[in-house]
Amino acid sequence: MNWVWFHRFGSPPYFYSVAGRIVPWLAWPAALLMVAGLYGGLVLAPPDYQQSDAARIMYVHVPAAYVGLMAYVVMAVAAAIGLVWRLKVSHAVAAACAPIGASFTAVCLVTGMLWGQPMWGTWWAWDPRLVSMLVLLFFFLGYLGLRGAIDDTARADRASAVLAVVGVVNVPIVHFSVIWWNSLHQGPSLLRKGGPAMPASMWVPLVLMIFGFTFYFYAVMLMRARAEVMRRERGGQWVREVLNATGDKP
Amino acid sequence: MLEVSGLHLWRGERHVLKGLSLHLGAGQALQLLWPNGAGKTSLLRAVAGLLPSESGHISWCGLAVSADPLAYCRKLAYLGHELALKGDLTVLENLHYSLGLRGGVPAAQLQATLQQTGLQPLANELVRHLSAGQKRRVALARLGLWRAQLWLLDEPVANLDAAGQQLVAAAIDAHLQAGGCALIATHQPLTLASPGNRLWQQPQEPA
Amino acid sequence: MLEVSGLHLWRGERHVLKGLSLHLGAGQALQLLWPNGAGKTSLLRAVAGLLPSESGHISWCGLAVSADPLAYCRKLAYLGHELALKGDLTVLENLHYSLGLRGGVPAAQLQATLQQTGLQPLANELVRHLSAGQKRRVALARLGLWRAQLWLLDEPVANLDAAGQQLVAAAIDAHLQAGGCALIATHQPLTLASPGNRLWQQPQEPA
Amino acid sequence: MSSYWAMSGYAAYVWPSVGLTVALLVANVLWARQLAREARAEARRRIASQDAS
Amino acid sequence: MSTPATAWSAAALVVQRDLRLAFRRPGEWLQPVAFFLIVTLLFPLALDPEPARLRTLAPAALWVAALLASVLAVEFLFREDGRDGTLEQYALSGQSFAWLLLAKTLTHWLLTGLPLVVAAPLAAMVLGAPAASIPGVLAALLLGSLSLSLLGAVGAGLTLGVRRGGALLSLIVLPLAIPTLVFGARATDLAIRAEPMDGSLYLLAALAVLALTLAPLAAAAAVRISLE
Amino acid sequence: MSTPATAWSAAALVVQRDLRLAFRRPGEWLQPVAFFLIVTLLFPLALDPEPARLRTLAPAALWVAALLASVLAVEFLFREDGRDGTLEQYALSGQSFAWLLLAKTLTHWLLTGLPLVVAAPLAAMVLGAPAASIPGVLAALLLGSLSLSLLGAVGAGLTLGVRRGGALLSLIVLPLAIPTLVFGARATDLAIRAEPMDGSLYLLAALAVLALTLAPLAAAAAVRISLE
Ligand code: HEM
Ligand SMILES: Nc1ncnc2c1ncn2[C@@H]1O[C@H](COP(=O)(O)OP(=O)(O)OP(=O)(O)O)[C@@H](O)[C@H]1O
Ligand SMILES: Nc1ncnc2c1ncn2[C@@H]1O[C@H](COP(=O)(O)OP(=O)(O)OP(=O)(O)O)[C@@H](O)[C@H]1O
Ligand SMILES: [Mg+2]
Ligand SMILES: [Mg+2]
């Protein structure tokens with residue numbers, strides 16, 4: 001196993017420049033995929049035979065849910081790497097994941113409620129899937145709160161990293177809650193034995209949206225992480241070089 | 001023992017220390033008499049490691065303090081504007097808790113110091129019930145008992161009466177004689193007996 | 001104007017002031033140089049009406065202060081160890097709110113005072129971001145703008161540099177010239193130009 | 001067309017969902033760019049003042 | 001000599017100051033609402049979430065949560081101003097001390113009590129209260145939270161100088177708050193059952209008026225003692 | 001050189017020290033029980049005290065009160081020892097840090113969790129639970145309060161160096177505590193209805209064992225960080 005790339009990527013200047021080069025390669029595909037997915041989902045896909053046009057909420061609800069969960073996993077993994085190898089860049093990545101993940105989780109919750117009202121006749125139910133997703137939001141908020149409450153950056157990094165790692169137990173609970181408990185919420189319909197339980201005109205836009213959201217997440221996350229890395233090293237020599245190289249461009 | 005070079009310090013948008021350098025050997029004291037807002041407190045806190053500096057180098061006995069911050073912390077004593085005393089604990093309790101951090105002191109020594117600083121009759125009084133100068137004296141007693149090598153004192157004679165000010169000067173002299181060193185921010189120059197005593201009037205001039 | 005007679009004061013189990021009397025006429029200042037814990041702060045607080053006294057009489061212009069406490073309060077300004085400044089408000093906001101309670105001041109006068117105390121460049125800074133001496137200066141500016149007749153100052157020059165200490169002395173002189181009077185607790189005697197300036201070394205001796 | 005926007009009666013649920021999502025997507029991008037700008041501006045200020053002294 | 005400020009302008013200044021400070025530090029007034037919401041959220045989790053059963057619990061859960069949130073919040077009402085000398089200056093300002101503390105307490109209510117009222121529809125829905133009952137629930141909580149803040153101010157004044165005041169504060173305030181709790185929960189119960197609730201609301205209003213007149217005097221006396 | 005203490009004797013020392021300290025300051029461990037009792041007493045006051053109705057709410061009221069009391073108590077678990085350097089000494093003692101913190105946490109549970117269990121019969125009776133259900137209620141609370149103390153220790157470790165840590169602590173601990181709350185309340189409900197509750201008790205026991213093995217490790221990591 002070659003660990004060189006790992007240590008290289010852990011050095012702030014290298015991360016800053018490589019991430020800067022990757023961002024456009026993520027951002028533009030993300031934009032295209034999301035436009036295509038939204039058009040496919042909101043216009044081309046046929047109304048669901050049971051839920052009619054309300055099912056179109058799926059095209060934002062499901063990708064937001066997936067990306068919210070993924071953001072938590074990425075955050076926890078980055079935090080764990082930061083804890084073990086004491087990589088600043090890794091902590092910056094974890095810190096960058098949290099606000100984005102929290103907003104996707106919130107989107108999933110709100111769109112789920114907006115979907116639940118017409119389908120289940122209630123905004124909210126005390127269902128394992130719903131509650132565990134709410135708990136995921138609390139973990140994000142707790143992470144952000146803990147990070148905000150500690151002034152010393154290094155200590156904030158490590159303390160919030162422990163919380164991120166502890167909270168990861170919640171992720172499988174969110175995902176499998178519909179299987180473990182009998183739930184009001186829908187079971188898996190996309191990734192399941194025997195293929196998706198819907199016609200291609202419905203699942204293809206959904207898949208596009210999921211990929212679009214994923215690319216979007218990584219793009220914005222890297223943007224935030226770059227800013228965070230620069231903020232931490234603002235007096236350093238490489239920052240001076242980077243700024244001189246980019247000139248006065250904002 | 002303490003060596004600071006090329007220290008730049010920012011407070012918010014204010015560039016407070018611009019490439020400051022200083023040197024303190026064993027038995028030396030440096031009194032900063034800079035005007036209000038010139039950055040005395042900021043410098044002391046940076047040296048104590050409480051404020052991160054943008055750039056510059058701080059070393060102790062030739063070793064960069066960032067190499068082993070814990071070991072360095074054990075060598076220094078910082079006395080700031082805030083005295084870090086709990087109003088709801090008695091004088092003795094306050095001393096006990098803050099000395100415990102550094103390994104504690106024998107009871108006899110504690111009593112001697114209390115005697116010296118005039119705190120004997122107040123030993124079991126809540127700190128909340130002390131006058132401003134009496135609180136300062138508690139902080140002073142703690143300072144002496146910490147047995148640190150580097151003293152960072154921020155206006156140590158504020159609130160103290162004439163006798164108290166002499167007490168501070170005597171304590172610093174004894175500390176220097178024992179081979180310690182001290183960086184002191186003050187607006188009233190202390191008259192020290194030690195030869196290693198220097199005054200620094202303006203941050204622009206070199207020390 | 002201020003007349004205190006036979007004042008007894010207890011703090012907890014401690015009999016701090018034992019039958020103290022003093023008189024302050026218009027244009028007079030009395031500097032208390034008592035040692036730490038002798039009861040300076042307690043006396044000032046008792047005169048301000050913040051501490052109830054066991055026995056004794058305090059009168060203002062011949063009238064017992066207990067007769068109309070509110071009117072008496074409007075005549076006095078108390079500056080204690082705690083500065084009553086909010087760290088999360090700017091200098092101007094702090095001044096605005098504390099002056100407003102007493103009727104406010106014209107903007108021109110506010111600017112002039114800021115200029116004088118060297119706070120002009122810091123007017124919109126949060127007080128949390130000021131140095132200890134700069135905070136003191138804000139309190140000093142407020143004191144001048146309150147236009148009270150009786151000043152009760154508790155260690156007004158603590159934390160101030162030499163220029164700041166002169167500022168305080170000048171402010172007190174101007175206040176005395178305008179017919180005010182001042183009771184000052186301090187450990188560094190202020191050199192005042194006014195003839196009505198007296199020092200009081202020990203609480204046991206009469207003023 | 002208006003029948004499309006009506007979403008067979010579910011417009012009040014579908015469009016707020018889509019709107020909220022799009023708004024948050026845009027806001028997150030703007031927020032990240034703002035952070036990057038601030039970080040760079042601050043670093044530039046510090047370096048300039050350090051060079052000046 | 002400038003003319004002294006009128007009582008109203010002095011109160012307005014106190015209110016403005018505390019509002020501005022609060023906006024500089026949103027954590028402080030978001031905390032009680034967050035606590036209120038979390039506690040109400042715990043109830044459905046602890047019961048099995050059968051709507052009818054939840055609904056019977058709703059008044060008690062709402063009011064106990066509101067009471068606890070307000071007791072936790074009021075701990076900070078005078079704490080900082082006492083420590084940094086502001087209360088001293090208020091006492092010496094030549095204005096009525098009780099009046100200034102009343103202004104302070106009402107601002108505190110605006111910042112911590114009113115958000116509870118605003119969050120209450122959400123909490124009530126979580127607990128399964130029907131939408132039609134929300135106005136009644138809000139009215140009861142509006143009056144009740146006002147009384148709770150005022151009573152809390154007395155307790156906060158009494159425990160101002162006390163070591164580890166939190167526990168003592170709840171022991172002092174909770175008994176004082178029992179009438180408000182009882183009538184408030186009854187009013188809420190009636191609202192949820194869609195029965196007429198005027199009587200209870202009048203009682204709550206009477207309690208609020210009583211608190212409004214007496215609590216500032218008691219609080220002023222209490223704060224003065226701890227300033228000594 | 002003295003021989004190093006065995007793990008057991010070191011833990012015994014920690015437990016003894018904390019017990020002795022607690023007996024010097026009874027206020028500290030009486031406070032959570034008092035809070036627990038007051039909160040459960042508030043419920044009958046807020047509801048109209050019709051026994052059947054009260055009884056359906058008893059599990060939720062008991063468990064929410066226990067959870068809040070334990071979160072409020074755990075705030076002080078490491079506070080003072082962190083401040084006066086004791087934790088630092090523990091970290092440098094050559095014993096497993098997690099093991100010493102486990103001893104500390106279990107002592108804390110003895111002092112604040114166990115009293116809740118002891119007070120629970122009273123609280124349960126006030127809430128109208130039948131006498132026959134008391135053993136079941138106690139068993140559930142015994143296991144549950146143990147988990148809550150252990151989870152609280154993780155939160156207390158994380159917020160050790162934080163200024164106004166209280167609100168943050170509850171935000172961190174409450175999500176972690178939800179499974180315990182859910183299963184504990186369910187077990188209590190079954191006990192009150194005189195139905196078999198073994199399943200829920202086994203689940204609670206499983207949660208407690210899980211917490212017992214993992215929480216000390218997480219707490220030790222968290223405390224170490226705030227000592228840095
Ligand atoms: C507040 C309410 C809701 C929340 C918090 C919520 C949460 C979630 C989450 C977290 C997922 C992703 C789980 C995973 O695969 O790991 C998900 C997926 C999904 N949700 Fe929801 N949901 C809510 C309401 C609804 C409603 C009302 C419906 C439709 C009636 C719905 C339909 C779906 C569907 C179809 C999926 C995709 C399942 C799959 O293919 O795996 N959700 N939801
Ligand atoms: N709240 C209190 N309870 C009990 N005793 C007190 C209290 N406050 C002050 N004392 C005691 O009263 C005495 C006088 O205190 P005071 O603060 O007036 O002294 P001071 O002259 O201002 O001293 P300093 O120069 O140190 O400020 C002191 O001995 C102090 O210990
Ligand atoms: N937290 C902060 N944020 C922004 N600026 C600050 C902060 N703390 C201090 N400053 C500014 O930094 C400068 C130096 O402050 P510092 O406290 O070091 O001065 P000082 O020399 O100790 O003054 P004094 O004699 O008044 O105590 C001041 O101009 C002050 O306004
Ligand atoms: Mg200073
Ligand atoms: Mg004094």
# chains A, B, ... in the order shown; residues from 1 in each chain; ligands from 1
$ residues_around --residues "Met7 (chain D)" --least-positions-apart "5" --cutoff "12 Å" --atoms "only C-alpha atoms" --output "mmCIF file with N, CA and C atoms, in the first residue's frame"
data_model
loop_
_atom_site.group_PDB
_atom_site.id
_atom_site.type_symbol
_atom_site.label_atom_id
_atom_site.label_comp_id
_atom_site.auth_asym_id
_atom_site.auth_seq_id
_atom_site.Cartn_x
_atom_site.Cartn_y
_atom_site.Cartn_z
ATOM 1 N N LEU A 42 -39.927 16.274 -12.804
ATOM 2 C CA LEU A 42 -41.099 17.134 -12.629
ATOM 3 C C LEU A 42 -41.956 17.212 -13.883
ATOM 4 N N VAL A 43 -41.334 16.928 -15.078
ATOM 5 C CA VAL A 43 -42.090 17.102 -16.319
ATOM 6 C C VAL A 43 -42.309 15.772 -17.036
ATOM 7 N N PRO A 46 -44.131 10.059 -15.538
ATOM 8 C CA PRO A 46 -45.588 9.990 -15.412
ATOM 9 C C PRO A 46 -45.990 10.104 -13.949
ATOM 10 N N PRO A 47 -47.178 10.599 -13.655
ATOM 11 C CA PRO A 47 -47.659 10.618 -12.275
ATOM 12 C C PRO A 47 -47.757 9.201 -11.740
ATOM 13 N N ASP A 48 -47.511 9.047 -10.446
ATOM 14 C CA ASP A 48 -47.606 7.740 -9.818
ATOM 15 C C ASP A 48 -49.051 7.271 -9.857
ATOM 16 N N GLN A 51 -50.160 7.762 -6.042
ATOM 17 C CA GLN A 51 -49.972 9.038 -5.358
ATOM 18 C C GLN A 51 -50.134 10.215 -6.295
ATOM 19 N N SER A 52 -50.328 9.900 -7.603
ATOM 20 C CA SER A 52 -50.469 10.961 -8.590
ATOM 21 C C SER A 52 -49.250 11.882 -8.543
ATOM 22 N N ASP A 53 -49.446 13.201 -8.684
ATOM 23 C CA ASP A 53 -48.300 14.097 -8.825
ATOM 24 C C ASP A 53 -47.573 14.352 -7.506
ATOM 25 N N ALA A 54 -48.169 13.988 -6.373
ATOM 26 C CA ALA A 54 -47.481 14.195 -5.108
ATOM 27 C C ALA A 54 -46.185 13.413 -5.068
ATOM 28 N N ALA A 55 -46.124 12.324 -5.830
ATOM 29 C CA ALA A 55 -44.925 11.488 -5.817
ATOM 30 C C ALA A 55 -43.711 12.241 -6.344
ATOM 31 N N ARG A 56 -43.950 13.357 -7.015
ATOM 32 C CA ARG A 56 -42.790 14.096 -7.562
ATOM 33 C C ARG A 56 -41.917 14.683 -6.458
ATOM 34 N N ILE A 57 -42.456 14.789 -5.256
ATOM 35 C CA ILE A 57 -41.619 15.249 -4.132
ATOM 36 C C ILE A 57 -40.430 14.318 -3.950
ATOM 37 N N MET D 1 -51.251 24.184 -19.383
ATOM 38 C CA MET D 1 -50.095 24.600 -18.599
ATOM 39 C C MET D 1 -50.458 24.796 -17.133
ATOM 40 N N SER D 2 -51.552 25.525 -16.912
ATOM 41 C CA SER D 2 -51.921 25.769 -15.516
ATOM 42 C C SER D 2 -52.273 24.452 -14.832
ATOM 43 N N ALA D 12 -49.553 22.704 -3.527
ATOM 44 C CA ALA D 12 -49.172 23.289 -2.253
ATOM 45 C C ALA D 12 -48.127 22.448 -1.537
ATOM 46 N N TYR D 13 -47.954 21.197 -1.950
ATOM 47 C CA TYR D 13 -46.928 20.363 -1.329
ATOM 48 C C TYR D 13 -45.701 20.230 -2.207
ATOM 49 N N VAL D 14 -45.936 20.091 -3.529
ATOM 50 C CA VAL D 14 -44.800 19.836 -4.417
ATOM 51 C C VAL D 14 -43.919 21.067 -4.557
ATOM 52 N N TRP D 15 -44.535 22.222 -4.879
ATOM 53 C CA TRP D 15 -43.699 23.390 -5.208
ATOM 54 C C TRP D 15 -42.922 23.925 -4.010
#
$ closest_atom_pairs --of "chain A" --to "ligand 1" --cutoff "9 Å" --atoms "only C-alpha atoms and all ligand atoms" --output "JSON lines"
{"residue": "A:Gln51", "atom": "CA", "partner": "ligand 1", "partner_atom_place_in_ligand_line": "30 (C)", "distance": 8.0}
{"residue": "A:Ala54", "atom": "CA", "partner": "ligand 1", "partner_atom_place_in_ligand_line": "30 (C)", "distance": 8.6}
{"residue": "A:Ala55", "atom": "CA", "partner": "ligand 1", "partner_atom_place_in_ligand_line": "29 (C)", "distance": 7.1}
{"residue": "A:Ile57", "atom": "CA", "partner": "ligand 1", "partner_atom_place_in_ligand_line": "29 (C)", "distance": 8.4}
{"residue": "A:Met58", "atom": "CA", "partner": "ligand 1", "partner_atom_place_in_ligand_line": "35 (C)", "distance": 6.2}
{"residue": "A:His61", "atom": "CA", "partner": "ligand 1", "partner_atom_place_in_ligand_line": "21 (Fe)", "distance": 6.5}
{"residue": "A:Val62", "atom": "CA", "partner": "ligand 1", "partner_atom_place_in_ligand_line": "18 (C)", "distance": 4.8}
{"residue": "A:Pro63", "atom": "CA", "partner": "ligand 1", "partner_atom_place_in_ligand_line": "12 (C)", "distance": 7.9}
{"residue": "A:Ala64", "atom": "CA", "partner": "ligand 1", "partner_atom_place_in_ligand_line": "12 (C)", "distance": 8.2}
{"residue": "A:Ala65", "atom": "CA", "partner": "ligand 1", "partner_atom_place_in_ligand_line": "10 (C)", "distance": 4.7}
{"residue": "A:Tyr66", "atom": "CA", "partner": "ligand 1", "partner_atom_place_in_ligand_line": "12 (C)", "distance": 5.5}
{"residue": "A:Val67", "atom": "CA", "partner": "ligand 1", "partner_atom_place_in_ligand_line": "12 (C)", "distance": 8.9}
{"residue": "A:Gly68", "atom": "CA", "partner": "ligand 1", "partner_atom_place_in_ligand_line": "10 (C)", "distance": 8.0}
{"residue": "A:Leu69", "atom": "CA", "partner": "ligand 1", "partner_atom_place_in_ligand_line": "16 (O)", "distance": 7.1}
{"residue": "A:Thr105", "atom": "CA", "partner": "ligand 1", "partner_atom_place_in_ligand_line": "10 (C)", "distance": 7.9}
{"residue": "A:Ala106", "atom": "CA", "partner": "ligand 1", "partner_atom_place_in_ligand_line": "5 (C)", "distance": 8.7}
{"residue": "A:Cys108", "atom": "CA", "partner": "ligand 1", "partner_atom_place_in_ligand_line": "7 (C)", "distance": 6.0}
{"residue": "A:Leu109", "atom": "CA", "partner": "ligand 1", "partner_atom_place_in_ligand_line": "5 (C)", "distance": 4.3}
{"residue": "A:Val110", "atom": "CA", "partner": "ligand 1", "partner_atom_place_in_ligand_line": "1 (C)", "distance": 6.2}
{"residue": "A:Thr111", "atom": "CA", "partner": "ligand 1", "partner_atom_place_in_ligand_line": "1 (C)", "distance": 6.9}
{"residue": "A:Gly112", "atom": "CA", "partner": "ligand 1", "partner_atom_place_in_ligand_line": "24 (C)", "distance": 3.5}
{"residue": "A:Met113", "atom": "CA", "partner": "ligand 1", "partner_atom_place_in_ligand_line": "1 (C)", "distance": 4.1}
{"residue": "A:Leu114", "atom": "CA", "partner": "ligand 1", "partner_atom_place_in_ligand_line": "27 (C)", "distance": 7.2}
{"residue": "A:Trp115", "atom": "CA", "partner": "ligand 1", "partner_atom_place_in_ligand_line": "27 (C)", "distance": 4.3}
{"residue": "A:Gly116", "atom": "CA", "partner": "ligand 1", "partner_atom_place_in_ligand_line": "27 (C)", "distance": 3.4}
{"residue": "A:Gln117", "atom": "CA", "partner": "ligand 1", "partner_atom_place_in_ligand_line": "27 (C)", "distance": 7.1}
{"residue": "A:Pro118", "atom": "CA", "partner": "ligand 1", "partner_atom_place_in_ligand_line": "27 (C)", "distance": 8.0}
{"residue": "A:Met119", "atom": "CA", "partner": "ligand 1", "partner_atom_place_in_ligand_line": "30 (C)", "distance": 5.5}
{"residue": "A:Trp120", "atom": "CA", "partner": "ligand 1", "partner_atom_place_in_ligand_line": "27 (C)", "distance": 6.6}
{"residue": "A:Thr122", "atom": "CA", "partner": "ligand 1", "partner_atom_place_in_ligand_line": "27 (C)", "distance": 8.9}
{"residue": "A:Trp123", "atom": "CA", "partner": "ligand 1", "partner_atom_place_in_ligand_line": "1 (C)", "distance": 7.0}
{"residue": "A:Trp124", "atom": "CA", "partner": "ligand 1", "partner_atom_place_in_ligand_line": "1 (C)", "distance": 5.9}
{"residue": "A:Ala125", "atom": "CA", "partner": "ligand 1", "partner_atom_place_in_ligand_line": "1 (C)", "distance": 7.7}
{"residue": "A:Asp127", "atom": "CA", "partner": "ligand 1", "partner_atom_place_in_ligand_line": "2 (C)", "distance": 8.8}
{"residue": "A:Arg129", "atom": "CA", "partner": "ligand 1", "partner_atom_place_in_ligand_line": "7 (C)", "distance": 6.1}
{"residue": "A:Leu130", "atom": "CA", "partner": "ligand 1", "partner_atom_place_in_ligand_line": "5 (C)", "distance": 3.9}
{"residue": "A:Val131", "atom": "CA", "partner": "ligand 1", "partner_atom_place_in_ligand_line": "5 (C)", "distance": 7.0}
{"residue": "A:Ser132", "atom": "CA", "partner": "ligand 1", "partner_atom_place_in_ligand_line": "5 (C)", "distance": 7.8}
{"residue": "A:Met133", "atom": "CA", "partner": "ligand 1", "partner_atom_place_in_ligand_line": "5 (C)", "distance": 5.3}
{"residue": "A:Leu134", "atom": "CA", "partner": "ligand 1", "partner_atom_place_in_ligand_line": "5 (C)", "distance": 6.6}
{"residue": "A:Val171", "atom": "CA", "partner": "ligand 1", "partner_atom_place_in_ligand_line": "16 (O)", "distance": 8.1}
{"residue": "A:Pro172", "atom": "CA", "partner": "ligand 1", "partner_atom_place_in_ligand_line": "16 (O)", "distance": 7.8}
{"residue": "A:Ile173", "atom": "CA", "partner": "ligand 1", "partner_atom_place_in_ligand_line": "16 (O)", "distance": 8.8}
{"residue": "A:Val174", "atom": "CA", "partner": "ligand 1", "partner_atom_place_in_ligand_line": "10 (C)", "distance": 6.0}
{"residue": "A:His175", "atom": "CA", "partner": "ligand 1", "partner_atom_place_in_ligand_line": "16 (O)", "distance": 3.6}
{"residue": "A:Phe176", "atom": "CA", "partner": "ligand 1", "partner_atom_place_in_ligand_line": "16 (O)", "distance": 7.0}
{"residue": "A:Ser177", "atom": "CA", "partner": "ligand 1", "partner_atom_place_in_ligand_line": "13 (C)", "distance": 8.6}
{"residue": "A:Val178", "atom": "CA", "partner": "ligand 1", "partner_atom_place_in_ligand_line": "13 (C)", "distance": 8.4}
{"residue": "A:Leu184", "atom": "CA", "partner": "ligand 1", "partner_atom_place_in_ligand_line": "27 (C)", "distance": 8.6}
{"residue": "A:His185", "atom": "CA", "partner": "ligand 1", "partner_atom_place_in_ligand_line": "42 (N)", "distance": 5.9}
{"residue": "A:Gln186", "atom": "CA", "partner": "ligand 1", "partner_atom_place_in_ligand_line": "32 (C)", "distance": 5.4}
{"residue": "A:Gly187", "atom": "CA", "partner": "ligand 1", "partner_atom_place_in_ligand_line": "38 (C)", "distance": 5.7}
{"residue": "A:Pro188", "atom": "CA", "partner": "ligand 1", "partner_atom_place_in_ligand_line": "41 (O)", "distance": 3.5}
{"residue": "A:Ser189", "atom": "CA", "partner": "ligand 1", "partner_atom_place_in_ligand_line": "40 (O)", "distance": 3.8}
{"residue": "A:Leu190", "atom": "CA", "partner": "ligand 1", "partner_atom_place_in_ligand_line": "40 (O)", "distance": 4.1}
{"residue": "A:Leu191", "atom": "CA", "partner": "ligand 1", "partner_atom_place_in_ligand_line": "40 (O)", "distance": 6.2}
{"residue": "A:Arg192", "atom": "CA", "partner": "ligand 1", "partner_atom_place_in_ligand_line": "40 (O)", "distance": 8.0}
{"residue": "A:Pro196", "atom": "CA", "partner": "ligand 1", "partner_atom_place_in_ligand_line": "40 (O)", "distance": 8.0}
{"residue": "A:Ala197", "atom": "CA", "partner": "ligand 1", "partner_atom_place_in_ligand_line": "40 (O)", "distance": 8.7}
$ residues_near_ligand --ligand "ligand 3" --cutoff "10 Å" --atoms "only C-alpha atoms and all ligand atoms" --output "PyMOL selection string"
(chain B and resi 9-17+32-46+51+80-81+154-155+185-187+203) or (chain C and resi 121-122+125-137+158-161+164)
$ write_last_selection --atoms "C-alpha atoms" --output "short mmCIF file (atom, residue, chain, number, x, y, z; two decimals), in the first residue's frame"
data_model
loop_
_atom_site.label_atom_id
_atom_site.label_comp_id
_atom_site.auth_asym_id
_atom_site.auth_seq_id
_atom_site.Cartn_x
_atom_site.Cartn_y
_atom_site.Cartn_z
CA LEU B 9 0.13 39.59 16.76
CA TRP B 10 -3.34 40.49 15.59
CA ARG B 11 -6.31 41.35 17.76
CA GLY B 12 -9.31 41.36 15.47
CA GLU B 13 -8.38 43.77 12.67
CA ARG B 14 -5.68 45.49 14.72
CA HIS B 15 -2.04 44.64 14.07
CA VAL B 16 -0.88 45.04 17.68
CA LEU B 17 2.65 43.67 17.81
CA LEU B 32 6.75 46.99 30.07
CA LEU B 33 5.60 50.57 30.68
CA TRP B 34 3.84 50.94 27.33
CA PRO B 35 0.74 53.17 27.21
CA ASN B 36 -2.81 51.84 27.35
CA GLY B 37 -3.74 49.64 24.45
CA ALA B 38 -0.17 49.23 23.22
CA GLY B 39 -0.33 45.46 23.58
CA LYS B 40 1.15 44.56 26.97
CA THR B 41 -1.60 42.15 27.90
CA SER B 42 -1.57 40.71 24.41
CA LEU B 43 2.17 40.09 24.57
CA LEU B 44 1.96 38.38 27.95
CA ARG B 45 -0.85 36.16 26.78
CA ALA B 46 1.01 35.26 23.62
CA LEU B 51 -3.06 33.75 22.22
CA GLY B 80 -3.71 38.46 34.52
CA HIS B 81 -6.27 41.24 34.94
CA ASP B 154 -0.08 41.90 34.26
CA GLU B 155 -0.27 45.00 36.46
CA ALA B 185 3.29 44.87 32.45
CA THR B 186 2.72 47.85 34.70
CA HIS B 187 2.00 51.56 34.74
CA PRO B 203 6.93 49.24 22.03
CA PRO C 121 -10.81 55.85 17.10
CA LEU C 122 -12.44 53.21 19.28
CA GLU C 125 -15.40 49.03 18.89
CA LEU C 126 -17.03 46.45 21.16
CA VAL C 127 -15.97 47.08 24.75
CA ARG C 128 -15.05 43.39 24.95
CA HIS C 129 -12.24 44.17 22.52
CA LEU C 130 -10.73 46.99 24.57
CA SER C 131 -7.70 46.81 26.81
CA ALA C 132 -8.12 47.28 30.56
CA GLY C 133 -7.03 50.91 30.43
CA GLN C 134 -9.25 51.69 27.47
CA LYS C 135 -12.23 50.36 29.41
CA ARG C 136 -11.33 52.62 32.31
CA ARG C 137 -11.27 55.54 29.92
CA ALA C 158 -6.13 51.82 38.31
CA ASN C 159 -5.03 50.40 34.93
CA LEU C 160 -4.39 53.88 33.48
CA ASP C 161 -1.08 54.95 31.98
CA GLY C 164 -4.60 58.69 31.66
#
$ interface_residues --of "chain A" --to "chain B" --cutoff "9 Å" --atoms "only C-alpha atoms" --output "list in words"
Glu233, Arg234, Gly235 and Gly236 of chain A
$ residues_around --residues "Gln237 (chain A)" --least-positions-apart "3" --cutoff "12 Å" --atoms "only C-alpha atoms" --output "count of residues only"
17
$ interface_residues --of "chain F" --to "chain B" --cutoff "12 Å" --atoms "only C-alpha atoms" --output "PyMOL selection string"
chain F and resi 80-90+227-228
$ residues_around --residues "Val138 (chain C)" --least-positions-apart "6" --cutoff "8 Å" --atoms "only C-alpha atoms" --output "list in words"
Val91, Leu95, Thr117 and Leu119 of chain C
$ interface_residues --of "chain E" --to "chain A" --cutoff "10 Å" --atoms "only C-alpha atoms" --output "ChimeraX atom specification"
/E:27,41,44-45,47-51,125-126,128
$ interface_residues --of "chain D" --to "chain A" --cutoff "8 Å" --atoms "only C-alpha atoms" --output "count of residues only"
24
$ interface_residues --of "chain E" --to "chain F" --cutoff "7 Å" --atoms "only C-alpha atoms" --output "list in words"
Gln31, Leu42, Phe43, Leu45, Ala46, Leu47, Leu57, Ala60, Val64, Ala167, Leu181, Val182 and Ala185 of chain E
$ atom_distance --atom1 "CA of Ser226 (chain E)" --atom2 "CA of Leu89 (chain B)"
17.6 Å
